[in-house]
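Reviewing the structure listed below.
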Amino acid sequence: MTAEKHVFQTEVKKMLDLLANSLYSNKEVFLRELISNASDAADKLRFNALSDSSLYGDDPNLRIRVSVDRDAKVITISDNGIGMTKDEAIEHLGTIANSGTAEFFGNLSEDASKNSQLIGQFGVGFYSSFIVADKVTVKSRAAGAAASEAVCWESTGDGTFETSDITKDSRGTDIILHIKDSEKDFLSTWKLEDIISKYSDHIAIPVEIYKEVRDEDAPEEKDSEGNPLPPKMISKWVQINSATALWTKNPKDVSDEDYKGFYNTLAGTYQPEEPLAWSHNKVEGTLEYTSLLYIPGKAPWDLFNRDNKHGLKLYVQRVFIMDDAEQFMPVYLRFVKGLVDSNDLPLNVSREILQDNKVTSQLRKACTKKVLGMLAKLAKDEPEKYKTFWKEFGTAFKEGPAEDYDNREEIESLFRFASTANNSSEQNVSLDDYISRMPEKQKHIYYITGENYSAVSNNIHLEALKSKGVEVLLMWDRVDEWLMAHMTEYKGKRFISAAAQDLELGELENEDDKKKAEELSKEYESTLKRFKDALGDSITDVKVSTRLTDTPCLVIAENGVGAHMTNIFKAMGQPVPETKYSMELNMDHPLIKRVVDEVDEDRFKDWAQLLLGQAKLAEQGSVDNPTEFIKLLDKFLV
């Protein structure tokens, strides 16, 4: 039948251009992706056959086959999985039905030689074929379809593709790569065998390659002098991968290298990476399941896109059910890789049933506990690895207390912060460390949030606490101010912001301090009123400060929405809550004494406005009207 010409989706055109014109340090990624896709096709057939066994036909043994034709410069990857109809071929091979394609292009074009690992993360693994091929032909027949209902899809990556109806004797998909002259190295059986062993060893079905091997059935032959002749060789399909469901083995029989290799297969890593930790757990009893969970060593580029799919691979009685089963892992642990294989879920499980199944809730709790236990062990036994974990995933992990109330104390015990005790930006102080160093009279945990380490470590709100030898936790991650709205206490110790309007010092504030504050408030009552009258509605109240030692004044947000959170609202394009400020004056500071002695009321008002602007600048990094503030400052400088 005459071929039909189609135009690629715009995103595909752009991506094919990048693939064709960018250099990759790891071009072999194409074979990993195509074998992975073939494995997915086999998994889909196995799943659909649970309700319709006739889909297997007379070919029940699933496998993937790779062959090379050096003369024709062709590599063929075949599977006998679910296959595609013509409409499915047009849809799946002509479009990218995936959000986030813009990010893919940005990352890929930024530095292609380093970022080809992004292939496959956006559902575009098939197009990696064009890294090594100048033409790709796909022949496919859907399971259950007649031989005459097969489709041929073909493209040279020039922005168009053609489809035609063909006859195909067997179910499944053949991908035929016409290799570029510059990539002839891949037309080597041993090279393809090496790539398969490296990336696809743990694919759960056989991956076979057509190669020449010794004929073990042929008798040994000798020459006329009795010397053995070279063995007779034959070409046959030879299985390359182990095709073993590693998680079904006894953990005692699995080596660390096996676990690491399986992690790279599971995570689809661009090059071999070592996970920070893993846990292989077999449970028998009222609930029977096997879990294999990994803590990665490096965060994915899209870690903070909470809308992206995440989760574990789900198997039921060793039958693959779905990728990204979100029900088994809370969102704050979305970086965890792994799988769950349960005997207690029905084989015909669907997403809707899965969401409502009581066993699912039990598995989720068990997997969450296992991950938290892994992290606690890592923090205790391998602190350097835990530093890596916190650097890569700490910000996402901080979402835990709001999402997982039952485990909040265990989660919080794993948090790490910078602190005034360390004089460093390194986040290595646990809440237990902090509590162990608290003076006997200290009853609360003090913290400060801000834009960056420099801002929080030099924050004027720390002066009173530093003068009393109190350690303060320093927080500047974007999530921190939101986090502290959900962290009210830890092991009976309340969290108190150093920037709180009424800083609770408890027994740390001795009677002399309280008496001095009361005396100063009475002594300067008229001065405080004078400041409030001068500042009008721009301030709600003016008080004598007991927390300042080196700074003349400060302002405090009265509605609990500080400068850092205000900036976050602005960055997100959200309405910014109106913030009301009160002002505190350090009556011992020379500048305040100078202003108090000012007799000219107009000049006093200017001084008051200047001090308010200075305090707001220190608190929120900006003033309401920069131009007016600069004019006022110039006036005093002149």
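How things are named: the first chain in the structure tokens is A, the next is B, and so on; residues count from 1 in each chain; ligands count from 1 in the order shown.
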
Please, which residues of region 163-253 of chain A, numbered as in this document, come out alpha helix (DSSP H) from DSSP, as a compact mmCIF listing (two decimals) with all heavy atoms, in the first residue's frame?
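Now in result-v7.txt:
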```txt
# COMPACT_ATOMS: atom_id res chain seq x y z
N THR A 189 29.32 -7.16 17.13
CA THR A 189 28.56 -7.98 18.07
C THR A 189 29.11 -7.89 19.48
O THR A 189 28.37 -7.75 20.46
CB THR A 189 28.55 -9.45 17.61
OG1 THR A 189 27.94 -9.52 16.31
CG2 THR A 189 27.78 -10.32 18.58
N TRP A 190 30.46 -7.93 19.59
CA TRP A 190 31.03 -7.91 20.93
C TRP A 190 30.79 -6.57 21.63
O TRP A 190 30.60 -6.51 22.84
CB TRP A 190 32.53 -8.24 20.89
CG TRP A 190 33.40 -7.18 20.30
CD1 TRP A 190 33.87 -7.13 19.03
CD2 TRP A 190 33.90 -6.01 20.96
NE1 TRP A 190 34.63 -6.01 18.83
CE2 TRP A 190 34.67 -5.30 20.00
CE3 TRP A 190 33.79 -5.51 22.25
CZ2 TRP A 190 35.32 -4.10 20.31
CZ3 TRP A 190 34.44 -4.31 22.55
CH2 TRP A 190 35.19 -3.62 21.59
N LYS A 191 30.77 -5.46 20.84
CA LYS A 191 30.52 -4.14 21.45
C LYS A 191 29.07 -4.06 21.95
O LYS A 191 28.82 -3.57 23.07
CB LYS A 191 30.79 -3.03 20.44
CG LYS A 191 30.64 -1.62 21.03
CD LYS A 191 31.06 -0.55 20.04
CE LYS A 191 30.93 0.84 20.65
NZ LYS A 191 31.89 1.08 21.73
N LEU A 192 28.13 -4.54 21.16
CA LEU A 192 26.73 -4.52 21.59
C LEU A 192 26.53 -5.44 22.80
O LEU A 192 25.78 -5.11 23.72
CB LEU A 192 25.82 -4.96 20.44
CG LEU A 192 25.82 -4.07 19.19
CD1 LEU A 192 24.84 -4.60 18.16
CD2 LEU A 192 25.47 -2.63 19.54
N GLU A 193 27.24 -6.57 22.79
CA GLU A 193 27.16 -7.49 23.92
C GLU A 193 27.66 -6.82 25.20
O GLU A 193 27.07 -6.98 26.27
CB GLU A 193 28.00 -8.73 23.60
CG GLU A 193 27.85 -9.86 24.59
CD GLU A 193 28.61 -11.10 24.14
OE1 GLU A 193 28.90 -11.22 22.94
OE2 GLU A 193 28.91 -11.93 25.01
N ASP A 194 28.73 -6.05 25.07
CA ASP A 194 29.27 -5.34 26.22
C ASP A 194 28.29 -4.30 26.75
O ASP A 194 28.10 -4.15 27.97
CB ASP A 194 30.59 -4.67 25.82
CG ASP A 194 31.23 -3.94 26.99
OD1 ASP A 194 31.57 -4.60 27.99
OD2 ASP A 194 31.39 -2.70 26.90
N ILE A 195 27.63 -3.58 25.84
CA ILE A 195 26.65 -2.56 26.26
C ILE A 195 25.46 -3.22 26.96
O ILE A 195 24.99 -2.73 28.00
CB ILE A 195 26.16 -1.75 25.03
CG1 ILE A 195 27.33 -0.97 24.41
CG2 ILE A 195 25.04 -0.80 25.44
CD1 ILE A 195 26.99 -0.33 23.09
N ILE A 196 25.00 -4.34 26.43
CA ILE A 196 23.87 -5.05 27.04
C ILE A 196 24.23 -5.51 28.45
O ILE A 196 23.45 -5.38 29.39
CB ILE A 196 23.45 -6.24 26.16
CG1 ILE A 196 22.84 -5.73 24.84
CG2 ILE A 196 22.43 -7.12 26.89
CD1 ILE A 196 22.66 -6.81 23.79
N SER A 197 25.43 -6.06 28.58
CA SER A 197 25.88 -6.54 29.90
C SER A 197 25.97 -5.39 30.90
O SER A 197 25.67 -5.55 32.08
CB SER A 197 27.24 -7.24 29.78
OG SER A 197 27.14 -8.38 28.96
N LYS A 198 26.39 -4.23 30.41
CA LYS A 198 26.59 -3.08 31.29
C LYS A 198 25.26 -2.48 31.76
O LYS A 198 25.08 -2.19 32.95
CB LYS A 198 27.40 -2.00 30.58
CG LYS A 198 27.74 -0.80 31.46
CD LYS A 198 28.31 0.36 30.66
CE LYS A 198 29.60 0.02 29.96
NZ LYS A 198 30.19 1.20 29.28
N TYR A 199 24.31 -2.30 30.84
CA TYR A 199 23.09 -1.55 31.17
C TYR A 199 21.84 -2.41 31.36
O TYR A 199 20.90 -1.98 32.03
CB TYR A 199 22.79 -0.53 30.07
CG TYR A 199 23.78 0.59 29.97
CD1 TYR A 199 24.64 0.67 28.88
CD2 TYR A 199 23.86 1.56 30.95
CE1 TYR A 199 25.56 1.70 28.77
CE2 TYR A 199 24.77 2.59 30.86
CZ TYR A 199 25.62 2.65 29.76
OH TYR A 199 26.53 3.68 29.67
```

Handout entry: Distance query Ile321 (chain A) at most 8 Å, only C-alpha atoms, self and fewer than 5 positions along chain excluded, as JSON, numbers by chain
Key = {"A": [43, 47, 313, 314, 315, 316, 349]}

Write the selection just made, keeping C-alpha atoms, as a PDB file, in the first residue's frame?
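So the final result, stored in out.pdb, reads:
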```pdb
ATOM      1  CA  ASP A  43       5.626  -6.107  30.631  1.00  0.00           C
ATOM      2  CA  PHE A  47      -0.161  -7.525  32.260  1.00  0.00           C
ATOM      3  CA  LYS A 313       7.867  -0.161  40.520  1.00  0.00           C
ATOM      4  CA  LEU A 314       5.048  -2.505  41.488  1.00  0.00           C
ATOM      5  CA  TYR A 315       5.073  -6.250  40.932  1.00  0.00           C
ATOM      6  CA  VAL A 316       2.413  -8.696  42.058  1.00  0.00           C
ATOM      7  CA  VAL A 349      -5.027  -4.647  40.338  1.00  0.00           C
TER       8      VAL A 349
END
```

Problem - Pick from A:Gly83, A:Pro228, A:Pro330, A:Pro272, whichever lies nearest to Ala150 (chain A) using only C-alpha atoms - result: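 With only C-alpha atoms as the atom set, the closest residue is A:Gly83.
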
Problem - All residues 8 Å or closer to Thr388 (chain A), only C-alpha atoms, same chain fewer than 4 positions away omitted, as a list of chain:residue names - result: A:Gly297, A:Glu384, A:Glu392

I'd like the neighbourhood of Ile448 (chain A) as an mmCIF file with C-alpha atoms, in the first residue's frame, where a residue qualifies if any of its atoms comes within 9 Å (using only C-alpha atoms), though same-chain residues fewer than 2 positions away should be ignored.
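And here is the file that came out, result-v8.cif:
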```cif
data_model
loop_
_atom_site.group_PDB
_atom_site.id
_atom_site.type_symbol
_atom_site.label_atom_id
_atom_site.label_comp_id
_atom_site.auth_asym_id
_atom_site.auth_seq_id
_atom_site.Cartn_x
_atom_site.Cartn_y
_atom_site.Cartn_z
ATOM 1 C CA TYR A 446 15.916 29.245 68.793
ATOM 2 C CA GLY A 450 16.530 34.515 55.842
ATOM 3 C CA VAL A 456 21.003 35.022 58.759
ATOM 4 C CA SER A 457 24.421 34.764 60.398
ATOM 5 C CA ASN A 459 20.993 39.168 61.481
ATOM 6 C CA HIS A 461 17.969 39.694 65.936
ATOM 7 C CA LEU A 462 20.783 37.415 67.093
ATOM 8 C CA VAL A 472 20.705 29.720 67.175
ATOM 9 C CA LEU A 473 19.883 27.495 64.180
ATOM 10 C CA LEU A 474 20.465 29.305 60.888
ATOM 11 C CA MET A 475 18.023 28.597 58.048
ATOM 12 C CA TRP A 476 17.990 30.019 54.541
ATOM 13 C CA GLU A 481 10.009 29.527 56.787
ATOM 14 C CA ILE A 496 11.111 30.159 68.925
ATOM 15 C CA SER A 497 12.094 32.552 66.153
ATOM 16 C CA ALA A 498 14.846 34.969 67.124
ATOM 17 C CA ALA A 499 12.859 37.551 65.165
#
```

Handout entry: For His444 (chain A): contacts at 10 Å, only C-alpha atoms, fewer than 4 positions along chain excluded, given as an MDAnalysis selection string
Key = chainID A and resid 435 438 489:490 492:497 504:506

Quick one: write out the picked residues with all heavy atoms as a compact mmCIF listing (two decimals), in the first residue's frame?
```txt
# COMPACT_ATOMS: atom_id res chain seq x y z
N ILE A 435 20.10 20.31 71.33
CA ILE A 435 19.56 20.14 72.68
C ILE A 435 20.65 19.74 73.67
O ILE A 435 20.66 20.20 74.82
CB ILE A 435 18.42 19.09 72.66
CG1 ILE A 435 17.21 19.66 71.92
CG2 ILE A 435 18.03 18.68 74.08
CD1 ILE A 435 16.07 18.67 71.71
N MET A 438 22.39 22.80 75.04
CA MET A 438 21.60 23.87 75.64
C MET A 438 22.00 24.11 77.10
O MET A 438 22.16 23.15 77.86
CB MET A 438 20.10 23.53 75.58
CG MET A 438 19.48 23.70 74.21
SD MET A 438 17.78 23.05 74.09
CE MET A 438 16.98 23.83 75.49
N GLU A 489 7.44 21.99 67.92
CA GLU A 489 8.31 21.58 69.01
C GLU A 489 9.02 20.28 68.65
O GLU A 489 8.62 19.55 67.73
CB GLU A 489 7.51 21.40 70.30
CG GLU A 489 6.51 20.25 70.27
CD GLU A 489 5.86 20.01 71.62
OE1 GLU A 489 5.50 20.99 72.31
OE2 GLU A 489 5.72 18.82 71.99
N TYR A 490 10.09 20.00 69.38
CA TYR A 490 10.84 18.76 69.19
C TYR A 490 11.27 18.27 70.57
O TYR A 490 11.95 18.98 71.32
CB TYR A 490 12.07 19.00 68.30
CG TYR A 490 12.93 17.77 68.12
CD1 TYR A 490 12.52 16.73 67.29
CD2 TYR A 490 14.16 17.65 68.77
CE1 TYR A 490 13.30 15.60 67.12
CE2 TYR A 490 14.95 16.52 68.60
CZ TYR A 490 14.52 15.49 67.77
OH TYR A 490 15.30 14.37 67.61
N GLY A 492 9.64 18.06 73.27
CA GLY A 492 9.19 18.93 74.35
C GLY A 492 9.77 20.32 74.34
O GLY A 492 9.41 21.15 75.17
N LYS A 493 10.66 20.61 73.38
CA LYS A 493 11.27 21.94 73.28
C LYS A 493 10.57 22.73 72.18
O LYS A 493 10.55 22.31 71.03
CB LYS A 493 12.76 21.83 72.97
CG LYS A 493 13.54 20.89 73.87
CD LYS A 493 13.66 21.42 75.29
CE LYS A 493 14.54 20.50 76.13
NZ LYS A 493 14.63 20.96 77.53
N ARG A 494 10.02 23.87 72.52
CA ARG A 494 9.33 24.70 71.52
C ARG A 494 10.34 25.41 70.63
O ARG A 494 11.44 25.78 71.08
CB ARG A 494 8.46 25.74 72.21
CG ARG A 494 7.18 25.17 72.82
CD ARG A 494 6.42 26.26 73.55
NE ARG A 494 6.16 27.40 72.67
CZ ARG A 494 6.08 28.67 73.09
NH1 ARG A 494 6.28 28.95 74.37
NH2 ARG A 494 5.83 29.64 72.25
N PHE A 495 9.97 25.61 69.37
CA PHE A 495 10.78 26.40 68.44
C PHE A 495 10.38 27.86 68.57
O PHE A 495 9.20 28.21 68.47
CB PHE A 495 10.58 25.93 67.00
CG PHE A 495 11.21 24.60 66.71
CD1 PHE A 495 10.46 23.44 66.71
CD2 PHE A 495 12.57 24.51 66.42
CE1 PHE A 495 11.04 22.21 66.44
CE2 PHE A 495 13.17 23.29 66.15
CZ PHE A 495 12.41 22.14 66.17
N ILE A 496 11.36 28.73 68.79
CA ILE A 496 11.11 30.16 68.92
C ILE A 496 11.97 30.90 67.91
O ILE A 496 13.19 30.71 67.86
CB ILE A 496 11.47 30.66 70.35
CG1 ILE A 496 10.66 29.91 71.41
CG2 ILE A 496 11.27 32.16 70.45
CD1 ILE A 496 9.19 30.22 71.41
N SER A 497 11.34 31.75 67.12
CA SER A 497 12.09 32.55 66.15
C SER A 497 12.82 33.68 66.87
O SER A 497 12.24 34.38 67.71
CB SER A 497 11.17 33.13 65.09
OG SER A 497 11.86 34.07 64.29
N GLU A 504 10.77 35.13 73.66
CA GLU A 504 10.66 34.44 74.95
C GLU A 504 12.03 33.89 75.36
O GLU A 504 12.53 32.94 74.78
CB GLU A 504 9.66 33.29 74.86
CG GLU A 504 8.23 33.74 74.58
CD GLU A 504 7.28 32.55 74.55
OE1 GLU A 504 7.44 31.64 75.39
OE2 GLU A 504 6.39 32.54 73.69
N LEU A 505 12.61 34.51 76.37
CA LEU A 505 13.91 34.05 76.86
C LEU A 505 13.78 33.22 78.13
O LEU A 505 14.73 32.53 78.53
CB LEU A 505 14.83 35.25 77.12
CG LEU A 505 15.23 36.06 75.88
CD1 LEU A 505 16.03 37.28 76.29
CD2 LEU A 505 16.01 35.20 74.91
N GLY A 506 12.61 33.26 78.74
CA GLY A 506 12.37 32.44 79.93
C GLY A 506 13.38 32.76 81.02
O GLY A 506 13.63 33.91 81.36
```

Problem - Atom-to-atom span, CA of Glu154 (chain A) and CA of Lys135 (chain A), Å - result: 7.4 Å

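Residues surrounding Asn422 (chain A) within 10 Å are Asn428, Val429 and Glu471 of chain A [only C-alpha atoms; sequence separation below 6 positions excluded].
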
Write out, as an mmCIF file, in the first residue's frame, the residues just selected, with all heavy atoms.
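Output contents, as saved in out11.cif:
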```
data_model
loop_
_atom_site.group_PDB
_atom_site.id
_atom_site.type_symbol
_atom_site.label_atom_id
_atom_site.label_comp_id
_atom_site.auth_asym_id
_atom_site.auth_seq_id
_atom_site.Cartn_x
_atom_site.Cartn_y
_atom_site.Cartn_z
ATOM 1 N N ASN A 428 25.264 20.803 59.436
ATOM 2 C CA ASN A 428 25.665 19.542 60.057
ATOM 3 C C ASN A 428 25.219 19.411 61.516
ATOM 4 O O ASN A 428 25.676 18.531 62.229
ATOM 5 C CB ASN A 428 27.186 19.377 59.978
ATOM 6 C CG ASN A 428 27.936 20.511 60.665
ATOM 7 O OD1 ASN A 428 27.327 21.432 61.202
ATOM 8 N ND2 ASN A 428 29.253 20.456 60.646
ATOM 9 N N VAL A 429 24.320 20.284 61.946
ATOM 10 C CA VAL A 429 23.860 20.260 63.334
ATOM 11 C C VAL A 429 22.465 19.640 63.390
ATOM 12 O O VAL A 429 21.522 20.142 62.770
ATOM 13 C CB VAL A 429 23.825 21.676 63.940
ATOM 14 C CG1 VAL A 429 23.255 21.638 65.354
ATOM 15 C CG2 VAL A 429 25.218 22.289 63.945
ATOM 16 N N GLU A 471 22.806 29.289 71.459
ATOM 17 C CA GLU A 471 23.002 28.837 70.079
ATOM 18 C C GLU A 471 21.721 29.045 69.292
ATOM 19 O O GLU A 471 20.612 28.816 69.802
ATOM 20 C CB GLU A 471 23.378 27.349 70.086
ATOM 21 C CG GLU A 471 23.653 26.765 68.710
ATOM 22 C CD GLU A 471 24.101 25.306 68.778
ATOM 23 O OE1 GLU A 471 24.207 24.754 69.899
ATOM 24 O OE2 GLU A 471 24.327 24.717 67.704
#
```

Practice task
Find the residues near region 54-60 of chain A: any atom within 8 Å, counting only C-alpha atoms, skip ones fewer than 4 places away on the same chain, and give them as a ChimeraX atom specification.
Solution key: /A:45,48-49,143-144

Save the residues we just selected, all heavy atoms, as an mmCIF file, in the first residue's frame?
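Wrote it out as result_30.cif, contents follow:
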```
data_model
loop_
_atom_site.group_PDB
_atom_site.id
_atom_site.type_symbol
_atom_site.label_atom_id
_atom_site.label_comp_id
_atom_site.auth_asym_id
_atom_site.auth_seq_id
_atom_site.Cartn_x
_atom_site.Cartn_y
_atom_site.Cartn_z
ATOM 1 N N LEU A 45 2.397 -6.582 27.733
ATOM 2 C CA LEU A 45 1.722 -7.772 27.223
ATOM 3 C C LEU A 45 1.421 -8.734 28.371
ATOM 4 O O LEU A 45 0.315 -9.273 28.468
ATOM 5 C CB LEU A 45 2.596 -8.472 26.173
ATOM 6 C CG LEU A 45 2.038 -9.813 25.662
ATOM 7 C CD1 LEU A 45 0.687 -9.607 24.978
ATOM 8 C CD2 LEU A 45 3.020 -10.485 24.707
ATOM 9 N N ASN A 48 -1.599 -7.360 30.289
ATOM 10 C CA ASN A 48 -2.864 -7.490 29.556
ATOM 11 C C ASN A 48 -3.294 -8.946 29.422
ATOM 12 O O ASN A 48 -4.488 -9.260 29.380
ATOM 13 C CB ASN A 48 -2.745 -6.851 28.167
ATOM 14 C CG ASN A 48 -2.692 -5.342 28.218
ATOM 15 O OD1 ASN A 48 -2.982 -4.748 29.247
ATOM 16 N ND2 ASN A 48 -2.288 -4.711 27.127
ATOM 17 N N ALA A 49 -2.296 -9.845 29.362
ATOM 18 C CA ALA A 49 -2.612 -11.267 29.211
ATOM 19 C C ALA A 49 -3.209 -11.869 30.475
ATOM 20 O O ALA A 49 -3.758 -12.976 30.437
ATOM 21 C CB ALA A 49 -1.351 -12.038 28.815
ATOM 22 N N ALA A 143 -0.433 -7.218 19.591
ATOM 23 C CA ALA A 143 -0.887 -8.512 20.097
ATOM 24 C C ALA A 143 -2.377 -8.674 19.828
ATOM 25 O O ALA A 143 -3.167 -7.760 20.074
ATOM 26 C CB ALA A 143 -0.612 -8.607 21.592
ATOM 27 N N GLY A 144 -2.758 -9.811 19.290
ATOM 28 C CA GLY A 144 -4.155 -10.070 18.975
ATOM 29 C C GLY A 144 -4.560 -9.634 17.585
ATOM 30 O O GLY A 144 -5.662 -9.958 17.122
#
```

Exercise for the section: Record the distance separating CA of Pro439 (chain A) and CA of Leu414 (chain A), expressed in Å with one decimal. Expected result: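 According to the coordinates, CA of Pro439 (chain A) and CA of Leu414 (chain A) are separated by 22.6 Å.
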
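Distances here use only C-alpha atoms; by that measure, the residue among A:Trp278, A:Tyr259, A:Tyr524, A:Tyr447 closest to Leu465 (chain A) is A:Tyr447.
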
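In this structure, CA of Leu591 (chain A) sits 26.0 Å away from CA of Gly469 (chain A).
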
Handout entry: Residue list (strand (DSSP E or B), DSSP) for region 211-340 of chain A, as a PyMOL selection string
Key = chain A and resi 211-214+222+228+233-239+277-283+289-295+312-316+319-325+337-340
